[in-house]
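*Asks:* Have a look at the structure that comes next, please.
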Amino acid sequence: MEECGRCFRLASVCTLLFVIILIALPVGAAEMKAGTAKAVITPEDYQSNPRIAVMGGPLNGLNRDIYARALVLDDGANRLVIVTYDLNCLDVATPILRVRCRDELGIDPAYLVLLATHNHAAPIQIVPDNFDYGQWLADRIFDLIKEAVEKERGPVKLLFGSGQVKFIWKMGAEPVDPEVQLMKVVQGDQVVAMLFNHASHPVQESFTKIGAGHLGYAVDKVEKEMPGALAMYAAACAGNQFVKTPLVMSAPGFVVKSTGLKLAREVMKISDAPMTDVTGPISSKLEVISLPLAPPVSYEEAMELARHIPKDIGFVPYPAPNRGTNWIRALLKHYEEGIPFPTRTTDRVCTDDAFLVRELDEPREFPCIYEETIVSMIGPMVFVAMQGEVCAPIGVKIKDRFRQDMPVMVFAYMGEHNLYIPTRDLMRINKKVPKFLQDLYAYQPRVIQTQYASPVEWDTDVEDEMVDGVIQMIESMIEKKSSED
């Protein structure tokens with residue numbers, strides 16, 4: 001009987017301790033889990049069917065395979081999926097993935113962050129002959145995300161840190177952004193993932209053979225230094241920044257490799273130093289930031305521009321020689337048919353072959369409308385992913401606005417299509433220099449017309465409105481988090 005009494009008292013004490021522990025736990029506290037996966041995305045038919053590359057020529061060989069990588073973070077209430085891929089942009093696969101991930105995995109598009117390395121030695125999906133590759137990518141990446149979800153393990157900690165590299169040059173008068181940012185995912189003593197960025201176009205050893213540029217070497221080196229970890233790179237705001245080499249984005253193989261190793265060494269230096277713990281609840285939202293466009297040139301100027309171009313061929317896709325004059329044909333069409341000119345980017349939708357038009361031939365649930373931005377809160381950290389080739393000073397202004405109060409990690413090249421988002425400074429330079437020198441000094445403002453067939457150019461306030469739009473998104477997320485806390 002006495003033995004039964006002791007058992008009863010022991011059980012009562014254990015129950016009381018359990019209740020105390022439950023009371024002490026923060027409301028809503030949950031274990032953070034993470035899962036990773038990696039897959040080759042080199043076109044399976046690259047030998048028999050040379051794909052058109054980013055630079056416009058066929059890819060007739062293979063230097064090294066290209067990859068997609070997935071990191072899934074699960075706080076128990078929300079699951080954030082971050083995918084990186086050795087591509088210039090994802091394009092065709094983006095709307096397909098948003099539907100499938102939502103319908104089959106319960107992942108809302110605001111929680112699906114698709115990020116490019118901005119690799120120029122890979123197939124470009126805006127070419128109609130490459131659309132099937134984009135559709136194949138959607139299946140491949142969906143399976144990758146599903147695998148990462150199935151491999152979730154925990155508990156994990158998320159750590160953030162930053163450093164700098166010194167091999168960057170830029171277009172424009174504003175300072176270089178040399179920052180390298182790292183988010184490290186750790187389970188006990190094991191590093192699970194290393195997600196890092198920097199603001200630079202890749203430097204490539206070839207534009208005619210499939211490869212990953214200096215970023216591929218950087219990722220390989222980090223994985224070698226961190227056995228068992230998945231290394232992931234995605235580009236920050238690199239629209240006007242490049243690696244210092246004699247030729248823009250091109251260098252001999254040993255230079256490409258050494259540049260990648262320099263980046264990897266800086267990543268490891270950040271990892272070895274004290275880092276900020278950003279483990280915590282996840283929330284995220286996706287919004288379209290409407291950006292301003294300028295009024296059109298006069299009809300007389302339009303007629304003068306059209307004097308020496310074919311006028312009856314419609315829009316021609318990349319890499320056709322007349323692609324750069326699509327915007328002039330669009331300009332004339334607007335005048336001659338009385339079509340209202342767009343005044344904001346939200347007045348147009350982008351087709352798979354990268355034309356800004358009033359509507360798609362076949363409506364879709366997730367059309368590409370500029371400027372899509374995802375802002376996530378990961379614990380105390382702000383995580384920003386902006387669509388398009390955002391120029392570096394825009395990213396710097398966003399980081400500077402918040403970095404004194406909280407960690408902030410900023411990416412560009414998210415989702416579909418690499419429309420340049422230029423700065424006021426680059427627009428000023430573009431207007432100032434002769435046309436034959438624009439590609440050397442500031443080509444970014446012209447891309448909306450020469451590559452995307454817009455009949456009008458950017459308004460000079462585009463930089464300010466881009467920065468303000470992202471800041472407002474972040475502030476609303478912070479306010480919401482504070483009210484919930």
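Residue numbering restarts at 1 for every chain of the structure tokens, chains are lettered A, B, ... in their displayed order, and ligands are numbered from 1 as they appear.
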Return as an MDAnalysis selection string the full set of residues in range 121-314 of chain A whose backbone-based DSSP assignment is strand (DSSP E or B).

*Replies:* chainID A and resid 123 153 157:164 168:170 179:187 190:198 204 210 230:233 241:243 247 250 276:277 282:288 292:293

*Asks:* Which residues of range 259-371 of chain A come within 10 Å of range 126-148 of chain A, and for each one, what is the closest pair of atoms and their distance in Å to one decimal, counting only C-alpha atoms, sorted by chain and residue number, as JSON lines?

*Replies:*
```
{"residue": "A:Pro317", "atom": "CA", "partner": "A:Val127", "partner_atom": "CA", "distance": 6.6}
{"residue": "A:Tyr318", "atom": "CA", "partner": "A:Val127", "partner_atom": "CA", "distance": 5.8}
{"residue": "A:Pro319", "atom": "CA", "partner": "A:Val127", "partner_atom": "CA", "distance": 7.4}
{"residue": "A:Ala320", "atom": "CA", "partner": "A:Val127", "partner_atom": "CA", "distance": 9.8}
{"residue": "A:Thr351", "atom": "CA", "partner": "A:Ile126", "partner_atom": "CA", "distance": 8.7}
{"residue": "A:Asp352", "atom": "CA", "partner": "A:Ile126", "partner_atom": "CA", "distance": 5.8}
{"residue": "A:Asp353", "atom": "CA", "partner": "A:Ile126", "partner_atom": "CA", "distance": 4.2}
{"residue": "A:Ala354", "atom": "CA", "partner": "A:Ile126", "partner_atom": "CA", "distance": 6.2}
{"residue": "A:Phe355", "atom": "CA", "partner": "A:Ile126", "partner_atom": "CA", "distance": 9.5}
```

*Asks:* Show me, as an NGL selection string, the residues that have an atom within 7 Å of range 415-424 of chain A when counting only C-alpha atoms, minus same-chain residues fewer than 2 positions from it.

*Replies:* :A and (89-91 or 94 or 114-115 or 239 or 354 or 368 or 387-391 or 413 or 426-428 or 444-445 or 447-448 or 460 or 463)

*Asks:* So that I have them on file, write out the residues from the current selection with C-alpha atoms, as a short mmCIF file (atom, residue, chain, number, x, y, z; two decimals), in the first residue's frame.

*Replies:*
```
data_model
loop_
_atom_site.label_atom_id
_atom_site.label_comp_id
_atom_site.auth_asym_id
_atom_site.auth_seq_id
_atom_site.Cartn_x
_atom_site.Cartn_y
_atom_site.Cartn_z
CA CYS A 89 15.16 33.29 -65.02
CA LEU A 90 12.41 30.70 -64.53
CA ASP A 91 9.68 32.18 -66.78
CA THR A 94 6.48 29.97 -62.62
CA LEU A 114 11.61 31.18 -56.80
CA LEU A 115 15.10 32.66 -57.20
CA GLY A 239 21.08 44.83 -62.50
CA ALA A 354 8.39 38.52 -72.96
CA CYS A 368 3.09 37.97 -65.03
CA GLN A 387 10.97 40.31 -59.60
CA GLY A 388 13.27 41.31 -62.45
CA GLU A 389 16.77 42.74 -62.75
CA VAL A 390 16.65 45.23 -59.93
CA CYS A 391 19.63 47.59 -59.94
CA TYR A 413 15.40 37.79 -60.10
CA LEU A 426 21.09 55.25 -64.91
CA MET A 427 18.16 56.91 -66.65
CA ARG A 428 20.00 60.23 -66.55
CA GLN A 444 19.20 49.10 -68.40
CA PRO A 445 16.52 51.80 -68.90
CA VAL A 447 15.29 47.19 -72.03
CA ILE A 448 11.59 47.75 -71.30
CA THR A 460 12.00 59.01 -63.91
CA GLU A 463 13.38 53.97 -58.59
#
```

*Asks:* Please identify which residues in range 284-317 of chain A DSSP calls helix (DSSP H, G or I) from the backbone, and express them as a list in words.

*Replies:*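 Of range 284-317 of chain A, the ones in helix (DSSP H, G or I) are Tyr299, Glu300, Glu301, Ala302, Met303, Glu304 and Leu305 of chain A.
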
*Asks:* Pick the closest to Gln164 in chain A from A:Pro50, A:Gly314, A:Pro178, A:Pro380: which is it, counting only C-alpha atoms?

*Replies:*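 Ranked by minimum distance to Gln164 in chain A, first place goes to A:Pro178.
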
*Asks:* Taking only C-alpha atoms into account, produce a table as CSV in which each residue of range 175-275 of chain A with an atom at most 8 Å from an atom of range 393-412 of chain A appears once, together with its shortest atom pair and the distance in Å to one decimal, ordered by chain and rising number.

*Replies:*
```
residue,atom,partner,partner_atom,distance
A:Pro175,CA,A:Pro393,CA,7.8
A:Asp177,CA,A:Val396,CA,6.9
A:Gln181,CA,A:Met409,CA,6.7
A:Asn197,CA,A:Phe411,CA,7.4
A:Ala234,CA,A:Phe411,CA,7.2
A:Ala235,CA,A:Phe411,CA,6.0
A:Ala236,CA,A:Phe411,CA,4.1
A:Cys237,CA,A:Ala412,CA,5.2
A:Ala238,CA,A:Ala412,CA,7.7
```
